Each structure stands twice: as structure tokens, then as C-alpha cells.
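Following: one structure in C-alpha cells, then a few remarks.
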Amino acid sequence: MEPAIKILIYIHAFFGGIGLITGIGSIVVKKGGKLHKRMGKLFSIGMITSSLISLPICWMPKHENVFLFLIGLFTIYLVVAGNRALTFKHKPKADFTDKLISGSMLFASVIMISIGLYCQLNAVANGILFTFFGGFGLYMTVKDFIFYKNFSETNRNWLSKHIGKMIGALIASITAYIVAGLGIGNLIAWIAPSILGTIYIIYWNRKIEPKIEKKLA
């Protein structure tokens with residue numbers, strides 16, 4: 001069993017590395033260009049494949065980790081939802097698949113928050129991480145459903161949603177590299193990428209806002 005687990009871990013790390021490199025590359029190159037789109041596709045493939053492989057690993061002997069399992073689900077949600085955000089440029093409303101993706105993550109977020117609260121009440125280590133990422137997931141999915149409900153009024157926000165979700169997935173990739181790759185597992189290592197990534201998302205939202213207002217005018 002152990003050799004099989006090692007092979008899975010190597011494959012997981014390989015695709016995670018592809019996601020990390022192309023994710024960073026996609027934010028460096030010109031947005032909307034061919035290179036950006038190609039890197040975005042490679043990033044999506046790398047992150048989804050790596051995350052899918054991580055799910056069974058987290059339940060294997062000596063590798064049990066509920067938190068990393070939930071983070072894997074969170075990453076898949078971010079990448080899938082981030083790509084589907086692009087479809088809102090043309091389609092008239094959210095469909096069942098959009099709501100299923102957001103609803104599934106909403107359910108997982110509630111579980112993460114519940115585990116986090118339980119851990120903190122019982123002095124279990126790293127409980128705050130469950131609460132932090134669960135709260136982050138809850139916030140994003142609630143925003144999804146608000147977007148779906150008011151789509152006719154807010155459909156211009158599809159680009160903002162795409163940026164937020166894809167940067168969120170990149171944050172997960174960088175966090176995984178720091179914690180698993182570099183072996184730095186303190187609280188700052190877990191939370192710092194999310195804080196910096198959020199600042200970057202706010203920067204881009206403000207940058208695209210004047211363009212949106214100009215089109216509406």
C-alpha cells in the first residue's frame with residue numbers, strides 16, 4: 001500500500017507544481033490574451049487533478065487529514081466556479097449546475113465551521129483553520145447565490161467573480177506549497193497567502209471597475 005501512496009503523492013505534487021507555476025504565470029502575463037488563456041487552462045487542469053488525487057490520499061493509513069480533504073474540495077470548487085464565471089458573459093441566468101457547485105461548497109463550508117468551533121471549544125489544535133477557511137467558503141458561496149438571484153442586475157460582475165475564484169485557487173496552491181512542500185505549518189503560513197491574495201483581488205476589482213462603469217454609461 002505504501003508504494004502506491006507514494007506514487008499518488010508524487011503525481012499529486014507534479015500536477016500541483018504545474019498549477020502553481022502556470023497560476024503565477026497567468027497573473028504576470030497580459031490578461032485576456034492567448035498566453036493568459038492557455039496558462040489558465042493548464043492551471044485549471046493542474047489544480048483539479050492535484051486536488052482530486054489528494055482526496056483519497058487524505059483517507060489512507062498514516063495520511064489521514066480531514067482538513068486537507070476539505071481544502072481539496074474547496075480548491076476544486078474555486079477552479080470550477082472560476083471557469084464557469086466566464087460563461088455568465090453570454091448566458092441569461094444561472095443553471096442547475098452553477099447552483100449545485102455553490103451548494104455543495106456551502107455544505108462543506110458549514111461542516112468546516114462546525115469542526116472548527118468544536119476544536120476550539122475542546123482545545124484541539126488548528127481548530128481556527130477550519131473556522132477561517134470554512135468562513136471564507138461560506139462567504140463566497142453566499143455571494144454566489146446573491147449573484148444568481150440578482151443576475152439581471154449584476155451580470156456585469158462575472159469578470160470580478162472569475163478573478164476572485166481563480167486567485168482563490170492560486171492562494172490554495174501557494175499555501176499547499178508552503179505547508180507541504182517547504183514544511184512550514186504554523187498559523188502564519190496558512191493564513192498569510194489568503195490575506196495577500198485578498199488584497200490582490202481587491203486591487204483588480206478596483207482596476208476593472210472604471211471599465212465597467214464606462215460600458216454602462
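Chain labels run A, B, ... following the order of the C-alpha cells; each chain numbers its residues from 1, and ligands are numbered from 1 in the order shown.
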### Query
So which residues touch A:Ala169 within 9 Å, counting only C-alpha atoms, skipping near sequence neighbours fewer than 4 positions away, as a list in words?
Gly23, Ser44, Met47, Phe74, Thr75, Ile76, Tyr77, Leu78, Val79, Gly82, Gly164, Lys165, Ser173 and Ile174 of chain A
### Task
Assign secondary structure with DSSP using the backbone only, and return the residues of chain A in alpha helix (DSSP H) as number ranges by chain.
A: 2-28, 34-57, 66-84, 96-121, 127-149, 151-154, 158-176, 187-216
What lies within 9 Å of stretch 16-19 of chain A using only C-alpha atoms, ignoring chain neighbours under 5 positions off, as a tab-separated table (two decimals) with all heavy atoms, in the first residue's frame?
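This went into result-v1.tsv:
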chain	number	residue	atom	x	y	z
A	11	ILE	N	2.41	12.14	-8.04
A	11	ILE	CA	1.56	12.63	-9.12
A	11	ILE	C	0.81	13.89	-8.65
A	11	ILE	O	0.69	14.87	-9.39
A	11	ILE	CB	0.56	11.55	-9.56
A	11	ILE	CG1	1.29	10.34	-10.13
A	11	ILE	CG2	-0.42	12.12	-10.61
A	11	ILE	CD1	0.40	9.18	-10.47
A	24	ILE	N	0.85	31.41	-11.29
A	24	ILE	CA	1.65	32.63	-11.15
A	24	ILE	C	1.87	33.28	-12.51
A	24	ILE	O	1.80	34.50	-12.66
A	24	ILE	CB	3.00	32.31	-10.46
A	24	ILE	CG1	2.75	31.84	-9.02
A	24	ILE	CG2	3.91	33.53	-10.48
A	24	ILE	CD1	4.01	31.39	-8.30
A	39	MET	N	-2.38	29.46	-20.14
A	39	MET	CA	-1.90	29.21	-18.80
A	39	MET	C	-3.06	28.94	-17.84
A	39	MET	O	-2.95	28.11	-16.93
A	39	MET	CB	-1.07	30.40	-18.29
A	39	MET	CG	0.30	30.49	-18.91
A	39	MET	SD	1.35	31.71	-18.07
A	39	MET	CE	2.91	31.39	-18.87
A	40	GLY	N	-4.16	29.64	-18.07
A	40	GLY	CA	-5.34	29.43	-17.25
A	40	GLY	C	-5.88	28.01	-17.38
A	40	GLY	O	-6.30	27.39	-16.39
A	42	LEU	N	-4.08	25.33	-18.27
A	42	LEU	CA	-3.11	24.43	-17.63
A	42	LEU	C	-3.23	24.52	-16.10
A	42	LEU	O	-3.12	23.51	-15.40
A	42	LEU	CB	-1.69	24.80	-18.06
A	42	LEU	CG	-1.31	24.43	-19.49
A	42	LEU	CD1	0.08	24.98	-19.83
A	42	LEU	CD2	-1.32	22.91	-19.68
A	43	PHE	N	-3.47	25.73	-15.61
A	43	PHE	CA	-3.66	25.93	-14.18
A	43	PHE	C	-4.87	25.15	-13.70
A	43	PHE	O	-4.82	24.46	-12.67
A	43	PHE	CB	-3.84	27.43	-13.89
A	43	PHE	CG	-4.26	27.73	-12.48
A	43	PHE	CD1	-3.35	27.60	-11.43
A	43	PHE	CD2	-5.55	28.15	-12.19
A	43	PHE	CE1	-3.73	27.88	-10.13
A	43	PHE	CE2	-5.93	28.43	-10.89
A	43	PHE	CZ	-5.03	28.30	-9.86
A	44	SER	N	-5.96	25.23	-14.44
A	44	SER	CA	-7.19	24.54	-14.06
A	44	SER	C	-6.99	23.03	-14.06
A	44	SER	O	-7.40	22.33	-13.11
A	44	SER	CB	-8.33	24.91	-15.02
A	44	SER	OG	-8.60	26.29	-14.97
A	45	ILE	N	-6.35	22.52	-15.11
A	45	ILE	CA	-6.09	21.08	-15.20
A	45	ILE	C	-5.19	20.62	-14.05
A	45	ILE	O	-5.46	19.61	-13.40
A	45	ILE	CB	-5.43	20.73	-16.55
A	45	ILE	CG1	-6.43	20.96	-17.69
A	45	ILE	CG2	-4.95	19.27	-16.56
A	45	ILE	CD1	-5.82	20.84	-19.07
A	46	GLY	N	-4.13	21.39	-13.81
A	46	GLY	CA	-3.19	21.02	-12.75
A	46	GLY	C	-3.83	21.02	-11.38
A	46	GLY	O	-3.68	20.08	-10.61
A	47	MET	N	-4.59	22.07	-11.07
A	47	MET	CA	-5.19	22.19	-9.74
A	47	MET	C	-6.29	21.17	-9.51
A	47	MET	O	-6.38	20.56	-8.42
A	47	MET	CB	-5.74	23.61	-9.56
A	47	MET	CG	-4.68	24.68	-9.47
A	47	MET	SD	-3.48	24.40	-8.15
A	47	MET	CE	-4.53	24.47	-6.70
A	48	ILE	N	-7.14	20.95	-10.50
A	48	ILE	CA	-8.23	19.98	-10.32
A	48	ILE	C	-7.69	18.57	-10.19
A	48	ILE	O	-8.11	17.79	-9.33
A	48	ILE	CB	-9.23	20.08	-11.49
A	48	ILE	CG1	-10.01	21.40	-11.41
A	48	ILE	CG2	-10.21	18.89	-11.45
A	48	ILE	CD1	-10.97	21.62	-12.55
A	49	THR	N	-6.72	18.22	-11.05
A	49	THR	CA	-6.13	16.88	-10.99
A	49	THR	C	-5.42	16.65	-9.66
A	49	THR	O	-5.60	15.62	-9.01
A	49	THR	CB	-5.12	16.68	-12.14
A	49	THR	OG1	-5.77	16.91	-13.40
A	49	THR	CG2	-4.55	15.26	-12.12
A	50	SER	N	-4.63	17.63	-9.24
A	50	SER	CA	-3.90	17.53	-7.98
A	50	SER	C	-4.86	17.40	-6.81
A	50	SER	O	-4.66	16.59	-5.90
A	50	SER	CB	-3.01	18.76	-7.80
A	50	SER	OG	-2.30	18.69	-6.57
A	51	SER	N	-5.93	18.19	-6.82
A	51	SER	CA	-6.90	18.17	-5.72
A	51	SER	C	-7.69	16.87	-5.69
A	51	SER	O	-7.94	16.31	-4.61
A	51	SER	CB	-7.86	19.36	-5.85
A	51	SER	OG	-7.16	20.57	-5.74
A	170	LEU	N	-5.37	29.88	-6.67
A	170	LEU	CA	-3.91	30.07	-6.64
A	170	LEU	C	-3.42	30.20	-5.20
A	170	LEU	O	-2.35	29.69	-4.85
A	170	LEU	CB	-3.53	31.31	-7.45
A	170	LEU	CG	-2.03	31.65	-7.48
A	170	LEU	CD1	-1.23	30.50	-8.07
A	170	LEU	CD2	-1.80	32.93	-8.29
A	173	SER	N	-3.01	26.87	-3.85
A	173	SER	CA	-1.81	26.23	-4.39
A	173	SER	C	-0.56	26.71	-3.67
A	173	SER	O	0.31	25.91	-3.29
A	173	SER	CB	-1.69	26.53	-5.89
A	173	SER	OG	-0.50	26.01	-6.42
A	176	ALA	N	-0.47	25.32	-0.11
A	176	ALA	CA	-0.08	23.91	-0.10
A	176	ALA	C	1.42	23.76	-0.29
A	176	ALA	O	2.06	22.92	0.36
A	176	ALA	CB	-0.83	23.17	-1.19
A	177	TYR	N	2.01	24.61	-1.15
A	177	TYR	CA	3.45	24.53	-1.38
A	177	TYR	C	4.23	24.92	-0.12
A	177	TYR	O	5.21	24.25	0.25
A	177	TYR	CB	3.84	25.45	-2.54
A	177	TYR	CG	5.34	25.54	-2.74
A	177	TYR	CD1	6.06	24.49	-3.28
A	177	TYR	CD2	6.04	26.70	-2.36
A	177	TYR	CE1	7.43	24.57	-3.45
A	177	TYR	CE2	7.41	26.79	-2.53
A	177	TYR	CZ	8.10	25.72	-3.08
A	177	TYR	OH	9.46	25.81	-3.23
#### Entry: Selected residue, from A:Ile57, A:Ala13, A:Leu8, A:Ile128, that lies nearest to A:Ala180 when counting only C-alpha atoms
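Checking each candidate against A:Ala180, we get A:Ala13 as the closest.
Counting only C-alpha atoms, the residue from A:Lys99, A:His162, A:Lys6, A:Lys149 that sits nearest to A:Gly32 is A:His162.
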### Task
Could you please determine the separation between atom CA of A:Ile146 and atom CA of A:Ser114 in Å, to one decimal place?
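Computing the Euclidean distance for atom CA of A:Ile146 and atom CA of A:Ser114 yields 23.1 Å.
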#### Entry: Using only C-alpha atoms: which of A:Ile21, A:Ile5, A:Leu138, A:Tyr10 has the shortest distance to A:Lys62
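Of all the options, A:Ile5 lies closest to A:Lys62.
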### Task
Provide the atom CA of A:Ala4 to atom CA of A:Trp59 distance in Å, to one decimal place.
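Interatomic distance here is 13.5 Å.
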